[in-house]
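What follows is a set of notes on a single structure, which appears directly below.
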Amino acid sequence: MRNSVPSHGTEWNPIVITPHSGRHFLQIPGPTNVPDRVLQAIARPTIDHRGPEFAELAIHLMDKLKPVFGTGGPVVIYPSSGTGAWEAALVNTLSPGDRVLAFETGHFASLWREMAERLGLAVEFVPGDWRRGVDPAAVADRLAADTAHTIAAVMVVHNETSTGVTSRIPEIRAAVDAADHPALLLVDTISSLGSIDYRHDAWGVDVTVGCSQKGLMLPPGLGFNAISEKALAARQSALLPKSYWDWTPILTANERGFYPYTPTTNLLYGLREALLILEEEGLPNVFARHSRHAAATRAAVHGWGLEILCADPREYSGVLTAVLLGPEYDADKVRRIILDRFDMSLGAGLGKLAGRVFRIGHLGSYNDLMLAGTLAGVQMGLQLAGVTVDPAGLQAALDLLRAE
Ligand SMILES: *Cc1c(COP(=O)(O)O)cnc(C)c1O
């Protein structure tokens with residue numbers, strides 16, 4: 001049980017009741033709240049994944065996913081978490097010993113780098129302070145210095161979920177072009193897809209990595225690769241070992257609406273519904289809603305007199321806000337109090353930010369009053385934890401929500 005129900009031994013005790021009624025507030029930056037429509041869609045009976053009804057579903061999904069990635073090219077769907085889709089992006093395009101350029105923007109960028117090293121790639125890891133995104137000038141410098149063109153790929157996390165920092169992909173693309181360098185551009189959009197503006201084709205990305213449980217409002221279990229022509233061509237000479245993740249048999253089976261293994265049929269029902277929900281609201285409106293909620297959250301944090309981890313306002317994340325507490329406070333204690341008292345889960349500080357930071361997720365299936373409730377819970381939790389905050393913070397957020 002996620003909340004602190006007092007233990008009364010192993011015997012069933014009718015006096016023990018759940019101390020919270022109503023809905024749990026799941027305000028971590030993924031998994032996010034799954035809309036009832038999506039849950040109901042997932043509950044439909046599983047069908048024959050080699051039959052005509054499945055093929056129709058799969059072809060429909062491959063088509064409807066394209067606008068979400070901003071691509072006209074193929075999108076491979078894996079029964080995996082985002083980490084699996086990371087691996088797929090690397091093994092399908094690269095060979096053992098290939099040099100890749102990556103950037104220490106935070107915990108997820110560090111994990112992707114470790115994976116690349118374990119796979120036998122030679123990672124050039126540009127250090128960072130976990131408060132900034134990828135510096136386009138650093139991309140330009142590193143690539144310009146590589147006159148022999150030995151760097152095979154540039155790996156970028158679009159929205160660094162551990163820090164609430166969004167890297168500027170169009171500027172990074174421009175930096176690659178300015179260096180006139182042929183490296184592939186591989187981008188992790190796991191926590192930005194369907195929440196922050198993103199354009200695979202227009203921004204010249206070669207492989208875009210996504211997954212289901214963040215902006216797409218689904219449970220965990222689907223990973224995605226959107227693939228450019230250039231990445232499809234790179235596949236021909238990519239020698240990293242691969243079998244399950246190999247694009248080729250999947251793309252071949254996909255032509256007729258099938259997969260070379262049993263797909264996650266029920267999650268695909270959910271995906272169909274989630275894509276419909278995004279289409280009904282309209283992607284530009286979805287992006288605007290996220291940035292408005294992010295602005296209201298920042299108004300609260302600044303109003304409280306606390307610090308936002310992201311150091312560059314051009315890189316503020318639309319989907320989560322990481323709050324940095326002073327060294328005299330324990331961010332995990334704040335989160336524990338908020339969970340116990342108000343039944344709300346907030347994101348923990350990850351890696352070297354453990355205990356220093358808590359993260360407020362404001363993405364996915366979300367609205368103004370959910371945000372108002374979230375921020376009220378955070379403000380009360382901070383006060384209960386003994387963190388000095390100005391209660392004008394919540395009001396500043398409400399004023400912003402009311403104004404627009
Ligand atoms: C959540 C996340 C991941 C990891 O995805 P899993 O589904 O947990 O494997 C990777 N990158 C980013 C940016 C994420 O937010």
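Every chain in the structure tokens has a letter given in the order shown (A, B, ...), and although residue numbers restart at 1 in each chain, ligands are simply numbered from 1 in the order shown.
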
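Among all protein and nucleic acid residues, the ones that lie within 6 Å of ligand 1 when counting only C-alpha atoms and all ligand atoms are A:Ser81, A:Gly82, A:Thr83, A:Phe108, A:Val157, A:Asn159, A:Glu160, A:Thr161, A:Ile190, A:Ser191.
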
Please produce a file of the residues just selected, as a JSON list (two decimals), in the first residue's frame, where the atoms kept are all heavy atoms.
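Done, and the output landed in out-v1.json:
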```json
[["chain", "number", "residue", "atom", "x", "y", "z"],
["A", 81, "SER", "N", 9.80, -0.55, -22.13],
["A", 81, "SER", "CA", 9.88, 0.77, -21.49],
["A", 81, "SER", "C", 10.71, 1.67, -22.40],
["A", 81, "SER", "O", 11.21, 1.24, -23.45],
["A", 81, "SER", "CB", 10.51, 0.64, -20.11],
["A", 81, "SER", "OG", 11.92, 0.56, -20.22],
["A", 82, "GLY", "N", 10.90, 2.90, -22.00],
["A", 82, "GLY", "CA", 11.71, 3.83, -22.79],
["A", 82, "GLY", "C", 13.14, 3.34, -22.95],
["A", 82, "GLY", "O", 13.77, 3.55, -24.00],
["A", 83, "THR", "N", 13.65, 2.69, -21.94],
["A", 83, "THR", "CA", 15.03, 2.21, -21.97],
["A", 83, "THR", "C", 15.26, 1.25, -23.14],
["A", 83, "THR", "O", 16.32, 1.29, -23.78],
["A", 83, "THR", "CB", 15.37, 1.53, -20.62],
["A", 83, "THR", "OG1", 15.14, 2.49, -19.57],
["A", 83, "THR", "CG2", 16.80, 1.07, -20.55],
["A", 108, "PHE", "N", 19.10, 11.06, -16.73],
["A", 108, "PHE", "CA", 18.73, 10.21, -17.87],
["A", 108, "PHE", "C", 19.80, 10.25, -18.96],
["A", 108, "PHE", "O", 20.12, 9.22, -19.56],
["A", 108, "PHE", "CB", 17.33, 10.57, -18.38],
["A", 108, "PHE", "CG", 16.27, 10.14, -17.41],
["A", 108, "PHE", "CD1", 15.65, 11.05, -16.58],
["A", 108, "PHE", "CD2", 15.97, 8.79, -17.26],
["A", 108, "PHE", "CE1", 14.70, 10.65, -15.64],
["A", 108, "PHE", "CE2", 15.03, 8.37, -16.33],
["A", 108, "PHE", "CZ", 14.40, 9.29, -15.52],
["A", 157, "VAL", "N", 19.13, 14.30, -24.91],
["A", 157, "VAL", "CA", 17.84, 14.13, -24.22],
["A", 157, "VAL", "C", 17.09, 15.45, -24.35],
["A", 157, "VAL", "O", 17.57, 16.49, -23.90],
["A", 157, "VAL", "CB", 18.05, 13.76, -22.74],
["A", 157, "VAL", "CG1", 16.72, 13.72, -22.00],
["A", 157, "VAL", "CG2", 18.78, 12.42, -22.61],
["A", 159, "ASN", "N", 13.93, 16.53, -23.21],
["A", 159, "ASN", "CA", 13.50, 17.04, -21.90],
["A", 159, "ASN", "C", 14.13, 16.18, -20.82],
["A", 159, "ASN", "O", 13.77, 15.01, -20.66],
["A", 159, "ASN", "CB", 11.97, 16.99, -21.80],
["A", 159, "ASN", "CG", 11.48, 17.63, -20.51],
["A", 159, "ASN", "OD1", 11.55, 18.85, -20.33],
["A", 159, "ASN", "ND2", 10.99, 16.82, -19.59],
["A", 160, "GLU", "N", 15.08, 16.74, -20.09],
["A", 160, "GLU", "CA", 15.79, 15.99, -19.03],
["A", 160, "GLU", "C", 14.87, 15.95, -17.82],
["A", 160, "GLU", "O", 14.70, 16.94, -17.10],
["A", 160, "GLU", "CB", 17.13, 16.67, -18.77],
["A", 160, "GLU", "CG", 18.06, 16.03, -17.78],
["A", 160, "GLU", "CD", 18.21, 14.51, -17.79],
["A", 160, "GLU", "OE1", 19.07, 13.96, -18.47],
["A", 160, "GLU", "OE2", 17.47, 13.89, -17.01],
["A", 161, "THR", "N", 14.27, 14.78, -17.61],
["A", 161, "THR", "CA", 13.22, 14.63, -16.59],
["A", 161, "THR", "C", 13.77, 14.73, -15.17],
["A", 161, "THR", "O", 13.03, 14.97, -14.22],
["A", 161, "THR", "CB", 12.52, 13.28, -16.80],
["A", 161, "THR", "OG1", 12.39, 13.06, -18.20],
["A", 161, "THR", "CG2", 11.14, 13.26, -16.18],
["A", 190, "ILE", "N", 11.37, 11.03, -24.47],
["A", 190, "ILE", "CA", 10.53, 10.16, -23.63],
["A", 190, "ILE", "C", 9.57, 10.98, -22.77],
["A", 190, "ILE", "O", 8.40, 10.63, -22.63],
["A", 190, "ILE", "CB", 11.41, 9.20, -22.81],
["A", 190, "ILE", "CG1", 12.03, 8.17, -23.76],
["A", 190, "ILE", "CG2", 10.63, 8.54, -21.68],
["A", 190, "ILE", "CD1", 13.02, 7.22, -23.12],
["A", 191, "SER", "N", 10.03, 12.09, -22.20],
["A", 191, "SER", "CA", 9.12, 12.87, -21.34],
["A", 191, "SER", "C", 8.62, 14.14, -22.00],
["A", 191, "SER", "O", 7.99, 14.97, -21.34],
["A", 191, "SER", "CB", 9.81, 13.20, -20.01],
["A", 191, "SER", "OG", 10.93, 14.02, -20.23]]
```

Item checked: Surrounding residues of Ala322 (chain A) excluding itself and chain neighbours under 2 positions, 9 Å, only C-alpha atoms, as a PyMOL selection string -> chain A and resi 161-165+307-310+320+324+347+349+357-361

Notebook entry, point to check: Which neighbours of Val387 (chain A) fall inside 12 Å, counting only C-alpha atoms, when residues of the same chain fewer than 5 positions from it are skipped, and could you give them as a PyMOL selection string?
Noted result: chain A and resi 304-306+324-331+333-334+378-382

Notebook entry, point to check: Excluding same-chain residues fewer than 3 positions from region 31-46 of chain A, what lies within 7 Å of it counting only C-alpha atoms, as an MDAnalysis selection string?
Noted result: chainID A and resid 26 28 213:214 217:220 265:267 269:270 273:274 364:365

Margin query: Counting only C-alpha atoms, which residue out of A:Arg335, A:Asp129, A:Ala122, A:His290 sits closest to Leu353 (chain A)?
Written below: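 That would be A:Asp129, the residue with the smallest distance to Leu353 (chain A).
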
Next item on the list: Once DSSP has gone over the backbone, tell me which residues of region 209-346 of chain A are in strand (DSSP E), as a ChimeraX atom specification.
Entry: /A:209-211,223-227,307-308,320-324,344-346

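Taking CA of Lys66 (chain A) and CA of His107 (chain A) as the two end points, the separation is 28.3 Å.
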
Notebook entry, point to check: Can you tell me, as a list in words, what residues are no more than 8 Å from Phe342 (chain A) when counting only C-alpha atoms, ignoring any on the same chain fewer than 5 positions away?
Noted result: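 Non-adjacent residues within range: His20, Ile337 and Gly377 of chain A.
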
Notebook entry, point to check: Quick one: residues within 7 Å of Leu185 (chain A), only C-alpha atoms counted, chain neighbours fewer than 6 positions away excluded, as a PyMOL selection string?
Noted result: chain A and resi 153-155+205-207

Next item on the list: Between CA of Ala183 (chain A) and CA of Ala102 (chain A), measure the distance and give it in Å to one decimal.
Entry: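 The value is 12.1 Å.
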
Next item on the list: Run DSSP on the backbone and give me the residues of region 200-402 of chain A it puts in alpha helix (DSSP H), as a ChimeraX atom specification.
Entry: /A:229-235,247-254,265-281,283-304,331-342,368-384,392-402

Checklist line | CA of Gly70 (chain A) to CA of Leu251 (chain A), straight-line distance in Å | finding: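 Computed distance, CA of Leu251 (chain A) to CA of Gly70 (chain A), equals 18.9 Å.
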